[in-house]
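Encoded as structure tokens, the structure appears first; notes follow it.
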Amino acid sequence: MTDDKVLVSEVLVPGGHAKAFEVKKGQLLQIIDAEGGQVADFIAFNQKDHSEKLSPTHTRISLKSLTLKVGDTLRSSMRKPMFEIVEDRSPSHDILIAACDEQRYLVDYGVAEHRSCVANFEEVLAPYGIGRETFPDPFNIFQSTHIEQDGTLVQEPCKTAAGDFILLKALTDIVGAVSACPMDLNPIGGARLTDIRVRVYEGS
């Protein structure tokens, strides 16, 4: 990050919870792992048409890749550019794994009434009239997913250090939400849930 960016807003997302925010076209969205080792599920919607949303599926086919790098464009469900990756100081991201929901904890772990990313998103996006039936798969920022030679998906512990971040340029006006993933029953989030910091800057 350079020092000439003007901070527009800042949101602290408590570990295990979510926050929603708005980003205007041309602004920069910075998502920061405050303490390290925390996955941040991210979803976003066109502010003027919530039926258009950030789509890992369409991004994958556009990039012909399962990994992301600086300069890549993240596509919407209408295949339109929604974000550009401007800077990335983190070791990995995931665009394969669905967001955790109540059924994930109940079916896979036998745990009822566990916080989840889907419920978190539902809570913070309700004021915008956006419900879970419209949620896309998330962009799992900082998550580490390994694919074995036989095709097995392995969810690894998050490898970020405190202060690692990704910086995205918004290519349209968006409503977004970040969930500091509450998953504490498999290795992805390590031993404890920690905070994610979200900053919006005037871009250039």
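Starting from 1 in every chain, residues are counted up; chains themselves are A, B, ... following the order of the structure tokens, and ligands are numbered from 1 as listed.
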Practice prompt. Mind checking which residues fall within 8 Å of A:Ala34, counting only C-alpha atoms, ignoring those fewer than 5 positions away in the same chain, and posting them as number ranges by chain?
Written response: A: 162-164, 194-197
Those residues you just picked out, can you put them in a file as a short mmCIF file (atom, residue, chain, number, x, y, z; two decimals), in the first residue's frame with C-alpha atoms?
data_model
loop_
_atom_site.label_atom_id
_atom_site.label_comp_id
_atom_site.auth_asym_id
_atom_site.auth_seq_id
_atom_site.Cartn_x
_atom_site.Cartn_y
_atom_site.Cartn_z
CA ALA A 162 -0.74 -10.79 11.18
CA GLY A 163 -1.21 -7.91 8.77
CA ASP A 164 -1.36 -9.95 5.57
CA THR A 194 -9.68 -13.81 15.31
CA ASP A 195 -10.66 -10.52 13.68
CA ILE A 196 -10.61 -9.32 10.09
CA ARG A 197 -10.19 -5.65 9.27
#
Practice prompt. Do a neighbour search on A:Phe83 at 12 Å with only C-alpha atoms, toss out local chain neighbours closer than 6 positions, and write the hits as a PyMOL selection string.
Written response: chain A and resi 23-30+43-46+53-56+59+70-76+139+166-174+176
Item to complete: Report as a PyMOL selection string: the residues of stretch 122-154 of chain A with a DSSP assignment of strand (DSSP E or B), based on the backbone of this structure.
Response: chain A and resi 139-141+144-147+153-154
Output of the above residues as a short mmCIF file (atom, residue, chain, number, x, y, z; two decimals), in the first residue's frame, restricted to all heavy atoms:
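Final file, out_5.cif:
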data_model
loop_
_atom_site.label_atom_id
_atom_site.label_comp_id
_atom_site.auth_asym_id
_atom_site.auth_seq_id
_atom_site.Cartn_x
_atom_site.Cartn_y
_atom_site.Cartn_z
N PHE A 139 -15.76 -16.07 -2.03
CA PHE A 139 -14.33 -15.97 -2.28
C PHE A 139 -13.70 -16.12 -0.89
O PHE A 139 -13.83 -15.24 -0.05
CB PHE A 139 -14.03 -14.63 -2.92
CG PHE A 139 -12.58 -14.27 -3.09
CD1 PHE A 139 -11.57 -15.23 -3.06
CD2 PHE A 139 -12.20 -12.95 -3.30
CE1 PHE A 139 -10.24 -14.90 -3.21
CE2 PHE A 139 -10.87 -12.59 -3.47
CZ PHE A 139 -9.89 -13.56 -3.42
N ASN A 140 -13.04 -17.25 -0.65
CA ASN A 140 -12.50 -17.56 0.68
C ASN A 140 -11.09 -16.98 0.80
O ASN A 140 -10.10 -17.64 0.50
CB ASN A 140 -12.50 -19.07 0.92
CG ASN A 140 -13.89 -19.65 0.92
OD1 ASN A 140 -14.77 -19.18 1.64
ND2 ASN A 140 -14.11 -20.67 0.10
N ILE A 141 -11.05 -15.74 1.23
CA ILE A 141 -9.79 -15.02 1.32
C ILE A 141 -8.95 -15.61 2.45
O ILE A 141 -9.45 -15.88 3.54
CB ILE A 141 -10.07 -13.53 1.53
CG1 ILE A 141 -10.77 -12.96 0.28
CG2 ILE A 141 -8.79 -12.75 1.82
CD1 ILE A 141 -11.25 -11.54 0.43
N SER A 144 -6.47 -21.84 2.66
CA SER A 144 -5.52 -22.70 1.97
C SER A 144 -6.17 -24.04 1.66
O SER A 144 -6.56 -24.77 2.57
CB SER A 144 -4.26 -22.91 2.82
OG SER A 144 -3.34 -23.74 2.16
N THR A 145 -6.32 -24.33 0.36
CA THR A 145 -6.90 -25.60 -0.08
C THR A 145 -5.92 -26.30 -1.01
O THR A 145 -5.46 -25.71 -1.99
CB THR A 145 -8.23 -25.36 -0.83
OG1 THR A 145 -9.13 -24.65 0.01
CG2 THR A 145 -8.86 -26.67 -1.25
N HIS A 146 -5.61 -27.53 -0.70
CA HIS A 146 -4.66 -28.32 -1.49
C HIS A 146 -5.41 -29.41 -2.23
O HIS A 146 -6.31 -30.04 -1.68
CB HIS A 146 -3.60 -28.94 -0.57
CG HIS A 146 -2.67 -29.88 -1.26
ND1 HIS A 146 -1.72 -29.45 -2.16
CD2 HIS A 146 -2.56 -31.24 -1.20
CE1 HIS A 146 -1.05 -30.50 -2.61
NE2 HIS A 146 -1.54 -31.59 -2.05
N ILE A 147 -5.05 -29.63 -3.49
CA ILE A 147 -5.66 -30.69 -4.29
C ILE A 147 -4.63 -31.79 -4.51
O ILE A 147 -3.57 -31.57 -5.10
CB ILE A 147 -6.17 -30.16 -5.64
CG1 ILE A 147 -7.16 -29.02 -5.43
CG2 ILE A 147 -6.82 -31.29 -6.45
CD1 ILE A 147 -7.64 -28.39 -6.71
N LEU A 153 -9.68 -33.03 -2.17
CA LEU A 153 -9.53 -31.67 -1.65
C LEU A 153 -9.11 -31.74 -0.18
O LEU A 153 -9.76 -32.41 0.62
CB LEU A 153 -10.85 -30.91 -1.74
CG LEU A 153 -11.28 -30.40 -3.11
CD1 LEU A 153 -12.67 -29.81 -3.03
CD2 LEU A 153 -10.30 -29.36 -3.65
N VAL A 154 -8.06 -31.05 0.16
CA VAL A 154 -7.56 -31.00 1.53
C VAL A 154 -7.61 -29.56 2.01
O VAL A 154 -6.98 -28.67 1.42
CB VAL A 154 -6.13 -31.54 1.63
CG1 VAL A 154 -5.64 -31.48 3.08
CG2 VAL A 154 -6.04 -32.95 1.08
#
Worksheet item: Which of these, A:Glu10, A:Asp150, A:Asp88, A:Asp101, has the shortest distance to A:Glu22 once you count only C-alpha atoms?
Response: A:Glu10
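Of the listed residues (A:Glu52, A:Tyr105, A:Glu123, A:Asp94), A:Glu52 comes nearest to A:Lys80; the distances count only C-alpha atoms.
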Tell me, as an mmCIF file with N, CA and C atoms, in the first residue's frame, which residues lie within 10 Å of A:Ala119, counting only C-alpha atoms; anything in the same chain fewer than 5 positions away does not count.
data_model
loop_
_atom_site.group_PDB
_atom_site.id
_atom_site.type_symbol
_atom_site.label_atom_id
_atom_site.label_comp_id
_atom_site.auth_asym_id
_atom_site.auth_seq_id
_atom_site.Cartn_x
_atom_site.Cartn_y
_atom_site.Cartn_z
ATOM 1 N N HIS A 17 -17.908 -13.656 13.319
ATOM 2 C CA HIS A 17 -19.049 -12.825 12.946
ATOM 3 C C HIS A 17 -18.818 -12.215 11.565
ATOM 4 N N ALA A 18 -19.735 -11.340 11.132
ATOM 5 C CA ALA A 18 -19.629 -10.721 9.817
ATOM 6 C C ALA A 18 -19.999 -9.252 9.892
ATOM 7 N N ALA A 99 -19.428 -21.850 1.480
ATOM 8 C CA ALA A 99 -19.471 -21.259 2.819
ATOM 9 C C ALA A 99 -20.076 -22.242 3.816
ATOM 10 N N CYS A 100 -19.585 -22.238 5.040
ATOM 11 C CA CYS A 100 -20.183 -23.091 6.062
ATOM 12 C C CYS A 100 -21.575 -22.579 6.412
ATOM 13 N N ASP A 101 -22.474 -23.507 6.687
ATOM 14 C CA ASP A 101 -23.823 -23.179 7.143
ATOM 15 C C ASP A 101 -24.188 -24.098 8.306
ATOM 16 N N GLU A 102 -25.389 -23.945 8.815
ATOM 17 C CA GLU A 102 -25.797 -24.735 9.979
ATOM 18 C C GLU A 102 -25.722 -26.229 9.704
ATOM 19 N N HIS A 114 -24.440 -23.888 15.799
ATOM 20 C CA HIS A 114 -23.096 -23.316 15.674
ATOM 21 C C HIS A 114 -23.180 -22.108 14.745
ATOM 22 N N VAL A 124 -26.186 -9.742 8.433
ATOM 23 C CA VAL A 124 -25.697 -8.398 8.109
ATOM 24 C C VAL A 124 -26.227 -7.863 6.781
ATOM 25 N N LEU A 125 -26.719 -8.746 5.906
ATOM 26 C CA LEU A 125 -27.233 -8.303 4.613
ATOM 27 C C LEU A 125 -28.744 -8.103 4.607
ATOM 28 N N GLY A 131 -31.178 -11.970 0.886
ATOM 29 C CA GLY A 131 -31.367 -13.168 1.688
ATOM 30 C C GLY A 131 -30.498 -14.321 1.237
ATOM 31 N N ARG A 132 -30.440 -15.364 2.060
ATOM 32 C CA ARG A 132 -29.525 -16.476 1.792
ATOM 33 C C ARG A 132 -29.826 -17.213 0.492
ATOM 34 N N SER A 179 -17.223 -12.422 6.364
ATOM 35 C CA SER A 179 -17.397 -13.208 7.580
ATOM 36 C C SER A 179 -16.040 -13.729 8.027
#
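Shortest atom-to-atom contact with A:Val198 among A:Val8, A:Ala98, A:Leu106, A:Val86: A:Val8, counting only C-alpha atoms.
Distances from A:Ala126, A:Val200, A:Ala112, A:Ala40 to A:Ile95 were compared using only C-alpha atoms, and the smallest one belongs to A:Ala40.
Nearest-residue note for A:Asp184: choosing from A:Val39, A:Val6, A:Leu68, A:Met82, the minimum distance belongs to A:Val39, counting only C-alpha atoms.
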Worksheet item: To one decimal place, how far is atom CA of A:Gln103 from atom CA of A:Val118 in Å?
Response: 10.3 Å
Worksheet item: If you count only C-alpha atoms, which residues fall within 8 Å of A:Lys5, apart from same-chain ones fewer than 4 positions away, as a PyMOL selection string?
Response: chain A and resi 201-203
Restricting it to N, CA and C atoms, dump the selection as a PDB file, in the first residue's frame.
ATOM      1  N   TYR A 201     -10.678   2.625   0.498  1.00  0.00           N
ATOM      2  CA  TYR A 201      -9.904   3.816   0.159  1.00  0.00           C
ATOM      3  C   TYR A 201     -10.402   4.406  -1.147  1.00  0.00           C
ATOM      4  N   GLU A 202     -10.202   5.702  -1.308  1.00  0.00           N
ATOM      5  CA  GLU A 202     -10.363   6.301  -2.614  1.00  0.00           C
ATOM      6  C   GLU A 202      -9.237   5.784  -3.511  1.00  0.00           C
ATOM      7  N   GLY A 203      -9.589   5.297  -4.689  1.00  0.00           N
ATOM      8  CA  GLY A 203      -8.612   4.705  -5.579  1.00  0.00           C
ATOM      9  C   GLY A 203      -8.022   5.730  -6.527  1.00  0.00           C
TER      10      GLY A 203
END
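Going from atom CA of A:Pro187 over to atom CA of A:Cys158, you cover 7.9 Å.
In this model, the gap between atom CA of A:Phe142 and atom CA of A:Ser92 comes to 5.4 Å.
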Practice prompt. Find the residue from A:Ser90, A:Asn186, A:Ser116, A:Thr67 that sits nearest to A:Glu156; use only C-alpha atoms when measuring.
Written response: A:Asn186
